[in-house]
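File shown: my_file15.txt (compact mmCIF, C-alpha atoms).
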# COMPACT_ATOMS: atom_id res chain seq x y z
CA MET A 153 64.07 65.66 75.55
CA THR A 154 60.30 65.03 75.48
CA PRO A 155 58.40 67.64 73.39
CA VAL A 156 54.96 68.74 74.61
CA ILE A 157 52.32 71.05 73.13
CA ILE A 158 50.89 73.40 75.76
CA ALA A 159 48.71 75.69 73.60
CA ALA A 160 46.99 75.42 70.22
CA ARG A 161 44.81 77.70 68.11
CA ARG A 162 43.56 78.06 64.56
CA SER A 163 41.76 80.56 62.40
CA PRO A 164 38.33 79.92 60.96
CA ILE A 165 38.64 78.04 57.68
CA GLY A 166 37.19 79.90 54.72
CA GLU A 167 36.47 78.70 51.21
CA ALA A 168 38.81 80.11 48.57
CA GLY A 169 37.32 83.39 47.42
CA GLY A 170 35.16 83.49 50.53
CA VAL A 171 35.29 85.26 53.89
CA LEU A 172 39.12 85.32 54.05
CA ARG A 173 39.68 86.17 50.38
CA ASP A 174 41.53 89.43 51.10
CA VAL A 175 43.74 88.13 53.94
CA ALA A 176 47.29 87.31 52.85
CA ALA A 177 49.14 84.40 54.44
CA ASP A 178 51.22 86.42 56.92
CA ARG A 179 48.18 88.41 58.08
CA LEU A 180 46.26 85.16 58.48
CA ALA A 181 48.96 83.49 60.59
CA ALA A 182 50.00 86.45 62.76
CA PRO A 183 46.92 86.68 65.03
CA VAL A 184 46.95 82.90 65.48
CA LEU A 185 50.59 82.99 66.62
CA ARG A 186 49.80 85.81 69.02
CA ALA A 187 46.79 83.98 70.47
CA VAL A 188 48.80 80.81 71.11
CA LEU A 189 51.42 82.72 73.10
CA ASP A 190 48.77 84.61 75.03
CA ASP A 191 47.00 81.36 75.93
CA ALA A 192 50.22 79.92 77.33
CA GLY A 193 51.23 83.08 79.16
CA VAL A 194 54.66 82.81 77.60
CA GLU A 195 56.52 85.97 76.58
CA ARG A 196 59.45 84.34 74.79
CA VAL A 197 59.64 82.21 71.67
CA ASP A 198 62.84 80.84 70.14
CA ASP A 199 61.69 80.19 66.59
CA VAL A 200 58.61 80.04 64.37
CA LEU A 201 58.12 77.20 61.88
CA LEU A 202 55.21 77.32 59.45
CA GLY A 203 54.18 75.09 56.59
CA ASN A 204 53.04 76.79 53.39
CA VAL A 205 52.45 75.51 49.87
CA LEU A 206 51.34 78.28 47.50
CA GLY A 207 52.42 81.45 49.24
CA PRO A 208 54.44 84.31 47.83
CA GLY A 209 57.79 82.98 49.04
CA GLY A 210 60.07 85.17 51.07
CA ASN A 211 59.70 83.07 54.23
CA PRO A 212 56.10 83.78 55.37
CA ALA A 213 56.93 82.38 58.84
CA ARG A 214 59.37 85.23 59.49
CA VAL A 215 56.96 87.82 58.09
CA ALA A 216 54.12 86.50 60.23
CA ALA A 217 56.34 86.46 63.33
CA LEU A 218 57.25 90.10 62.81
CA ARG A 219 53.62 91.03 62.13
CA ALA A 220 52.59 89.24 65.32
CA GLY A 221 54.96 91.45 67.30
CA LEU A 222 57.21 88.62 68.44
CA GLY A 223 60.30 90.80 68.09
CA GLU A 224 63.14 91.25 65.65
CA SER A 225 65.25 88.58 67.36
CA VAL A 226 62.77 85.77 66.62
CA PRO A 227 63.71 83.95 63.40
CA GLY A 228 61.34 81.97 61.21
CA MET A 229 61.41 79.03 58.82
CA THR A 230 58.87 78.06 56.17
CA LEU A 231 58.48 74.40 55.14
CA ASP A 232 56.87 72.86 52.08
CA ARG A 233 55.89 69.19 52.16
CA GLN A 234 52.69 69.89 50.29
CA CYS A 235 49.60 68.92 52.29
CA ALA A 236 51.78 67.57 55.11
CA SER A 237 53.63 70.89 55.53
CA GLY A 238 51.86 72.01 58.72
CA LEU A 239 52.32 68.66 60.47
CA SER A 240 55.94 68.47 59.31
CA ALA A 241 56.54 71.93 60.78
CA ILE A 242 55.28 70.63 64.13
CA THR A 243 57.41 67.47 64.06
CA THR A 244 60.46 69.49 63.02
CA ALA A 245 59.97 71.92 65.88
CA ALA A 246 59.47 69.00 68.28
CA ALA A 247 62.83 67.58 67.21
CA MET A 248 64.48 70.92 68.01
CA VAL A 249 63.26 71.05 71.62
CA THR A 250 66.00 70.64 74.21
CA ASP A 251 65.23 71.98 77.68
CA ASP A 252 63.92 75.51 78.13
CA GLU A 253 62.99 76.49 74.58
CA PHE A 254 59.60 77.42 73.15
CA PHE A 255 58.71 76.96 69.48
CA LEU A 256 55.67 78.14 67.58
CA ALA A 257 54.86 75.69 64.80
CA GLY A 258 52.00 75.11 62.39
CA GLY A 259 50.95 76.18 58.94
CA VAL A 260 49.11 78.72 56.85
CA GLU A 261 47.52 78.83 53.42
CA SER A 262 45.81 81.65 51.60
CA ALA A 263 44.67 80.04 48.37
CA SER A 264 42.67 83.18 47.68
CA THR A 265 45.71 85.47 47.57
CA ALA A 266 48.35 83.03 46.30
CA PRO A 267 50.22 84.43 43.29
CA TRP A 268 49.85 82.96 39.84
CA ARG A 269 52.68 80.71 38.76
CA ALA A 270 54.20 80.51 35.32
CA TRP A 271 57.15 78.85 33.60
CA ARG A 272 59.63 81.30 32.16
CA PRO A 273 59.25 81.79 28.37
CA ARG A 274 61.96 80.13 26.32
CA THR A 275 62.08 82.99 23.81
CA ALA A 276 61.38 86.70 23.86
CA THR A 277 58.17 86.24 21.86
CA GLU A 278 56.76 83.22 23.66
CA PRO A 279 54.13 83.97 26.34
CA PRO A 280 54.56 82.58 29.87
CA ARG A 281 53.00 79.18 30.53
CA PHE A 282 50.84 79.25 33.66
CA TYR A 283 50.57 76.14 35.78
CA GLY A 284 48.42 75.06 38.70
CA ARG A 285 50.92 73.05 40.69
CA ALA A 286 54.56 72.07 40.77
CA PRO A 287 55.63 68.54 39.83
CA PHE A 288 55.35 66.03 42.66
CA ALA A 289 57.29 63.29 40.87
CA PRO A 290 59.10 62.79 37.53
CA ALA A 291 56.60 62.44 34.71
CA GLU A 292 58.13 59.14 33.59
CA ILE A 293 57.36 57.62 37.01
CA GLY A 294 53.86 59.05 37.12
CA ASP A 295 52.62 62.31 38.56
CA PRO A 296 48.81 62.23 38.56
CA ASP A 297 46.61 65.02 39.82
CA MET A 298 45.00 64.48 43.20
CA GLY A 299 41.48 63.72 41.97
CA PRO A 300 42.28 60.93 39.48
CA ALA A 301 44.73 59.44 41.98
CA ALA A 302 41.99 59.42 44.63
CA ASP A 303 39.67 57.60 42.23
CA LEU A 304 42.39 54.99 41.59
CA VAL A 305 43.08 54.44 45.28
CA ALA A 306 39.38 54.08 46.12
CA ALA A 307 38.79 51.63 43.27
CA GLU A 308 41.77 49.45 44.18
CA ALA A 309 40.73 49.45 47.85
CA GLY A 310 37.13 48.55 47.00
CA VAL A 311 35.70 51.68 48.61
CA GLY A 312 32.45 52.31 46.73
CA ARG A 313 30.52 55.49 46.06
CA GLU A 314 27.77 54.79 48.61
CA ARG A 315 30.25 54.43 51.46
CA GLN A 316 32.09 57.56 50.38
CA ASP A 317 28.93 59.65 50.33
CA ALA A 318 27.93 58.36 53.76
CA PHE A 319 31.36 59.28 55.13
CA ALA A 320 31.15 62.78 53.63
CA ALA A 321 27.63 63.35 54.94
CA ARG A 322 28.77 62.27 58.41
CA SER A 323 31.71 64.70 58.24
CA HIS A 324 29.34 67.61 57.58
CA ALA A 325 26.85 66.45 60.21
CA ARG A 326 29.57 66.15 62.84
CA ALA A 327 31.03 69.56 61.99
CA VAL A 328 27.63 71.24 62.17
CA ALA A 329 26.94 69.54 65.52
CA ALA A 330 30.32 70.71 66.83
CA GLN A 331 29.58 74.28 65.71
CA ASP A 332 26.17 74.20 67.38
CA ALA A 333 27.65 72.84 70.62
CA GLY A 334 30.46 75.41 70.64
CA ARG A 335 33.22 72.79 70.54
CA PHE A 336 35.29 74.90 68.14
CA ASP A 337 34.92 78.16 70.04
CA ASP A 338 37.97 77.96 72.32
CA GLU A 339 40.35 77.03 69.51
CA LEU A 340 39.24 79.71 67.02
CA VAL A 341 40.87 83.11 66.52
CA ARG A 342 38.58 85.63 64.86
CA ILE A 343 40.02 87.07 61.63
CA GLY A 344 38.23 90.25 60.59
CA SER A 345 34.57 89.35 60.12
CA ALA A 346 35.30 85.60 60.06
CA ALA A 347 34.35 84.09 63.41
CA GLY A 348 33.58 80.50 62.35
CA ASP A 349 34.25 77.92 59.67
CA GLN A 350 32.50 78.72 56.40
CA ARG A 351 32.12 75.36 54.65
CA PRO A 352 30.04 72.94 56.85
CA ARG A 353 26.65 72.30 55.28
CA ARG A 354 23.40 71.43 57.00
CA GLY A 355 21.22 68.80 55.41
CA PHE A 356 24.00 67.08 53.45
CA THR A 357 22.50 63.58 53.47
CA PRO A 358 23.92 60.58 51.59
CA GLU A 359 20.84 60.74 49.34
CA ARG A 360 21.59 64.33 48.42
CA LEU A 361 25.27 63.59 47.85
CA ALA A 362 24.36 60.70 45.55
CA ARG A 363 23.10 63.23 42.99
CA PHE A 364 26.58 64.63 42.33
CA ARG A 365 28.44 63.47 39.23
CA PRO A 366 32.06 62.20 39.22
CA ALA A 367 34.38 65.19 39.31
CA PHE A 368 37.66 63.83 37.98
CA THR A 369 37.29 60.66 35.89
CA ALA A 370 34.30 59.39 33.95
CA GLU A 371 33.84 56.24 36.02
CA GLY A 372 35.26 57.67 39.22
CA THR A 373 33.60 57.95 42.62
CA ALA A 374 35.12 61.23 43.89
CA THR A 375 32.70 64.15 43.53
CA ALA A 376 32.67 67.79 44.52
CA ALA A 377 30.55 66.82 47.54
CA ASN A 378 32.62 63.94 48.93
CA SER A 379 35.93 65.76 48.45
CA CYS A 380 37.51 68.60 50.40
CA GLY A 381 37.30 72.24 49.35
CA ILE A 382 40.17 74.58 48.44
CA SER A 383 40.49 76.79 51.48
CA ASP A 384 42.19 79.55 53.45
CA GLY A 385 43.29 79.08 57.05
CA ALA A 386 46.06 79.01 59.64
CA ALA A 387 46.85 76.93 62.72
CA ALA A 388 49.67 76.91 65.24
CA VAL A 389 50.81 75.26 68.47
CA LEU A 390 53.38 76.09 71.14
CA ILE A 391 55.90 73.31 71.74
CA THR A 392 58.28 73.09 74.68
CA SER A 393 59.85 70.47 76.93
CA GLU A 394 58.08 68.37 79.54
CA ARG A 395 60.18 70.16 82.14
CA GLN A 396 58.78 73.53 81.11
CA ARG A 397 55.23 72.17 80.96
CA ALA A 398 55.55 70.87 84.52
CA ARG A 399 57.03 74.17 85.69
CA LEU A 400 54.09 76.08 84.20
CA GLY A 401 51.65 73.59 85.71
CA VAL A 402 49.54 73.19 82.58
CA PRO A 403 48.23 70.12 80.74
CA GLY A 404 49.42 69.30 77.26
CA LEU A 405 49.98 66.80 74.46
CA ARG A 406 53.19 64.81 74.64
CA LEU A 407 54.59 63.56 71.33
CA VAL A 408 55.11 59.82 71.70
CA GLY A 409 55.87 59.05 68.06
CA ALA A 410 56.27 60.66 64.66
CA ARG A 411 56.91 58.94 61.36
CA THR A 412 57.21 60.01 57.73
CA SER A 413 56.63 57.51 54.92
CA ALA A 414 56.45 57.35 51.14
CA VAL A 415 54.74 55.17 48.52
CA ASP A 416 54.24 55.00 44.76
CA PRO A 417 53.47 58.57 43.58
CA ASN A 418 50.68 57.16 41.40
CA ARG A 419 48.91 56.17 44.61
CA LEU A 420 49.84 59.30 46.50
CA GLY A 421 46.76 59.23 48.72
CA LEU A 422 48.15 56.20 50.56
CA GLY A 423 51.37 57.96 51.57
CA ALA A 424 50.61 58.01 55.30
CA VAL A 425 49.63 54.34 55.62
CA PRO A 426 53.08 52.88 56.49
CA ALA A 427 53.65 55.62 59.08
CA MET A 428 50.19 55.10 60.60
CA ARG A 429 50.65 51.35 60.83
CA GLU A 430 53.96 51.69 62.63
CA LEU A 431 52.62 54.10 65.23
CA CYS A 432 49.42 52.14 65.81
CA GLU A 433 51.44 49.02 66.56
CA ARG A 434 52.79 50.80 69.66
CA HIS A 435 49.67 52.61 70.88
CA ALA A 436 45.99 52.19 70.03
CA PRO A 437 44.56 55.66 69.34
CA GLU A 438 41.25 56.50 70.96
CA VAL A 439 40.67 59.43 68.62
CA VAL A 440 41.99 59.98 65.10
CA GLU A 441 42.32 63.12 63.02
CA PHE A 442 43.07 62.08 59.44
CA ASN A 443 42.90 64.70 56.72
CA GLU A 444 39.86 64.03 54.54
CA ALA A 445 41.18 65.12 51.17
CA PHE A 446 38.77 62.72 49.46
CA ALA A 447 36.33 60.36 51.15
CA GLY A 448 37.47 57.34 49.15
CA GLN A 449 41.14 58.06 49.74
CA ALA A 450 40.63 58.69 53.47
CA LEU A 451 38.65 55.49 53.90
CA ALA A 452 41.25 53.50 51.96
CA CYS A 453 43.96 54.77 54.33
CA LEU A 454 41.97 54.10 57.48
CA ASP A 455 41.12 50.59 56.28
CA ALA A 456 44.73 49.84 55.35
CA ALA A 457 45.93 51.04 58.76
CA GLY A 458 43.31 48.99 60.59
CA ILE A 459 41.52 52.04 62.05
CA ASP A 460 37.77 52.11 62.61
CA GLU A 461 36.37 54.96 60.51
CA GLU A 462 34.05 55.95 63.37
CA LEU A 463 37.11 57.07 65.38
CA ALA A 464 38.17 59.53 62.71
CA GLY A 465 37.10 63.17 62.71
CA PRO A 466 34.68 63.15 65.66
CA ASP A 467 33.86 66.80 64.96
CA GLY A 468 34.10 66.52 61.18
CA GLY A 469 37.11 66.74 58.91
CA ALA A 470 38.39 68.51 55.81
CA ILE A 471 35.43 67.44 53.66
CA ALA A 472 33.27 69.61 55.91
CA LEU A 473 35.76 72.14 57.23
CA GLY A 474 38.00 72.62 54.19
CA HIS A 475 41.61 71.88 53.32
CA PRO A 476 43.97 74.89 53.58
CA TRP A 477 46.93 72.87 52.27
CA GLY A 478 49.87 74.21 54.26
CA ALA A 479 47.80 74.50 57.44
CA SER A 480 45.80 71.28 57.35
CA GLY A 481 48.28 69.09 59.23
CA ALA A 482 48.45 71.67 62.01
CA VAL A 483 44.65 71.91 62.09
CA LEU A 484 44.57 68.18 62.87
CA VAL A 485 46.77 68.70 65.93
CA VAL A 486 44.75 71.70 67.12
CA ARG A 487 41.65 69.53 66.91
CA LEU A 488 43.34 66.80 68.96
CA PHE A 489 44.41 69.39 71.53
CA SER A 490 40.82 70.58 71.93
CA ARG A 491 39.35 67.11 72.33
CA MET A 492 42.12 65.61 74.46
CA VAL A 493 43.29 68.56 76.57
CA ARG A 494 40.59 71.25 76.58
CA GLN A 495 37.83 68.67 76.99
CA ASP A 496 39.91 66.30 79.18
CA GLY A 497 39.30 63.57 76.63
CA PRO A 498 41.08 60.42 75.46
CA ARG A 499 44.63 59.60 76.46
CA PHE A 500 46.06 58.72 73.02
CA GLY A 501 45.33 60.40 69.70
CA LEU A 502 46.64 60.07 66.14
CA ALA A 503 47.06 62.90 63.61
CA ALA A 504 48.04 61.91 60.08
CA LEU A 505 47.72 62.85 56.43
CA SER A 506 49.00 61.97 52.98
CA SER A 507 50.45 64.49 50.55
CA GLY A 508 51.59 65.04 46.99
CA GLY A 509 54.33 62.81 45.62
CA GLY A 510 53.21 59.80 47.67
CA LEU A 511 54.35 61.13 51.07
CA GLY A 512 52.71 60.87 54.45
CA VAL A 513 53.25 62.02 58.02
CA ALA A 514 51.73 60.47 61.14
CA THR A 515 52.04 61.51 64.78
CA MET A 516 50.86 59.94 68.02
CA TRP A 517 50.09 62.11 71.05
CA GLU A 518 49.44 61.44 74.73
CA ARG A 519 47.50 63.72 77.08
CA VAL A 520 49.62 64.67 80.09
CA GLY A 521 49.19 66.82 83.18

Go ahead and render the structure in this file as structure tokens.
Amino acid sequence: MTPVIIAARRSPIGEAGGVLRDVAADRLAAPVLRAVLDDAGVERVDDVLLGNVLGPGGNPARVAALRAGLGESVPGMTLDRQCASGLSAITTAAAMVTDDEFFLAGGVESASTAPWRAWRPRTATEPPRFYGRAPFAPAEIGDPDMGPAADLVAAEAGVGRERQDAFAARSHARAVAAQDAGRFDDELVRIGSAAGDQRPRRGFTPERLARFRPAFTAEGTATAANSCGISDGAAAVLITSERQRARLGVPGLRLVGARTSAVDPNRLGLGAVPAMRELCERHAPEVVEFNEAFAGQALACLDAAGIDEELAGPDGGAIALGHPWGASGAVLVVRLFSRMVRQDGPRFGLAALSSGGGLGVATMWERVG
């Protein structure tokens, strides 16, 4: 059965501690889920799948579904594939489509309200040991933090600081232009006082970005300005069969390919490259949404996959908009839906991202209807 997305929405993306700082994950996702169903004019949903990385546990997808008023009979499932969680939720839901079912899928992250994490004390007198993230790989194999790994990937790929700063400045410029032109308006769901994305900066030129010092390693090229920001946000899509799309008489995005890949965890930023290469051998994307965790890492992936960097993030990416981990993969698909369906744009589009542990997910979509 051919899965098709017929509606897609997202929340504004706020910086951690910013405009969405008091909105827990389920309260962030619920209005987005509701808006997607309202857009499609569909009253029934069979399941809700959401990616989430640092939430409170307890299946936020189910909590958000109940808070959205979807009914007690609607189950929910929460997935964690780190930064690829939201896109994995969408591909998982797509694989579940048979004939007349409707699935809400996407992701949510509230870095601002995420609970602290600590290892259990080994003795009654030992204090708990707080930690920032879970292990992505066994220490003996190598489990670097994201920033140093991004510096390594950029250095090995020969992506220099000047090119990274130019890419980051372009991401901000494109996002600001999209805001000014109202290209985000139809995909956004207002959350409290937050009506638009918080992070895009005006006047972020390569010359200004060149003043920033390396953020992670002494000789590195990743800085606070050419890297993404820790963020809050939610995004969701409604997936059904081509038969149901045709019956409703609406346009959509048909999934023509989805691949998951893995590489050396020490070079985790390259995780999506094998998946991207395989999909691009079958269809040449006319627009690409690749998660900009770090400019050097993103450029290394695009280069390795043979993708022109100018095709990526036509309205800016995570460097400008922010990176709400569990939601980011779903944000990519919402952005494709806006450009390809809402704006009657290109026929084929690619959404892809790499994630912790050396994993990556890539999807290819075709505009239909």

### Task
Could you please determine the separation between atom CA of Ser507 of chain A and atom CA of Ser413 of chain A in Å, to one decimal place?
10.3 Å

### Query
Taking all atoms listed in the file into account, which of A:Val197, A:Ala327, A:Ile459, A:Met153 comes nearest Glu433 of chain A?
A:Ile459

### Query
For Asp252 of chain A, which residue among A:Asp198, A:Glu461, A:Glu292, A:Glu438 is the nearest when counting only C-alpha atoms?
A:Asp198

Find the spatial neighbours of Gly501 of chain A, counting all atoms listed in the file, within a cut-off of 8 Å - ignore same-chain residues fewer than 3 positions away - and output them as a PDB file with C-alpha atoms, keeping the file's coordinate frame.
ATOM      1  CA  PRO A 437      44.560  55.660  69.340  1.00  0.00           C
ATOM      2  CA  GLU A 438      41.250  56.500  70.960  1.00  0.00           C
ATOM      3  CA  VAL A 439      40.670  59.430  68.620  1.00  0.00           C
ATOM      4  CA  VAL A 440      41.990  59.980  65.100  1.00  0.00           C
ATOM      5  CA  GLU A 441      42.320  63.120  63.020  1.00  0.00           C
ATOM      6  CA  LEU A 488      43.340  66.800  68.960  1.00  0.00           C
ATOM      7  CA  MET A 492      42.120  65.610  74.460  1.00  0.00           C
ATOM      8  CA  PRO A 498      41.080  60.420  75.460  1.00  0.00           C
ATOM      9  CA  MET A 516      50.860  59.940  68.020  1.00  0.00           C
ATOM     10  CA  TRP A 517      50.090  62.110  71.050  1.00  0.00           C
ATOM     11  CA  GLU A 518      49.440  61.440  74.730  1.00  0.00           C
TER      12      GLU A 518
END

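Compared by their closest atoms to Glu308 of chain A, and using all atoms listed in the file, the residues A:Gly421, A:Pro403, A:Gly170, A:Gly348 rank with A:Gly421 nearest.
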
### Message
Just the number, please: distance in Å from atom CA of Gly228 of chain A to atom CA of Leu473 of chain A, one decimal.
### Response
27.7 Å

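Closest approach to Ala479 of chain A among A:Ala246, A:Ala181, A:Val425, A:Leu304 is made by A:Ala181 (distances from only C-alpha atoms).
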
### Message
Applying 7 Å and all atoms listed in the file, which residues near Thr230 of chain A remain after dropping the ones on its own chain fewer than 2 positions away? List them as a PyMOL selection string.
### Response
chain A and resi 201-204+211-213+228+232

Listing only residues of segment 248-336 of chain A within 10 Å of segment 379-399 of chain A, what is the closest atom pair and its distance in Å (to one decimal) for each, using only C-alpha atoms, sorted by chain and residue number ascending, as a Markdown table?
| residue | atom | partner | partner_atom | distance |
| --- | --- | --- | --- | --- |
| A:Met248 | CA | A:Thr392 | CA | 9.4 |
| A:Val249 | CA | A:Thr392 | CA | 6.2 |
| A:Thr250 | CA | A:Ser393 | CA | 6.7 |
| A:Asp251 | CA | A:Ser393 | CA | 5.6 |
| A:Asp252 | CA | A:Gln396 | CA | 6.3 |
| A:Glu253 | CA | A:Thr392 | CA | 5.8 |
| A:Phe254 | CA | A:Thr392 | CA | 4.8 |
| A:Phe255 | CA | A:Ile391 | CA | 5.1 |
| A:Leu256 | CA | A:Leu390 | CA | 4.7 |
| A:Ala257 | CA | A:Ala388 | CA | 5.3 |
| A:Gly258 | CA | A:Ala388 | CA | 4.1 |
| A:Gly259 | CA | A:Ala387 | CA | 5.6 |
| A:Val260 | CA | A:Ala386 | CA | 4.1 |
| A:Glu261 | CA | A:Asp384 | CA | 5.4 |
| A:Ser262 | CA | A:Asp384 | CA | 4.6 |
| A:Ala263 | CA | A:Asp384 | CA | 5.7 |
| A:Ser264 | CA | A:Asp384 | CA | 6.8 |
| A:Thr265 | CA | A:Asp384 | CA | 9.1 |
| A:Gly299 | CA | A:Ser379 | CA | 8.8 |
| A:Ala302 | CA | A:Ser379 | CA | 9.6 |
| A:Gln316 | CA | A:Ser379 | CA | 9.3 |
| A:Asp317 | CA | A:Ser379 | CA | 9.5 |
| A:Ala320 | CA | A:Ser379 | CA | 7.7 |

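For the pair atom CA of Ala447 of chain A and atom CA of Ala306 of chain A, the interatomic distance is 8.6 Å.
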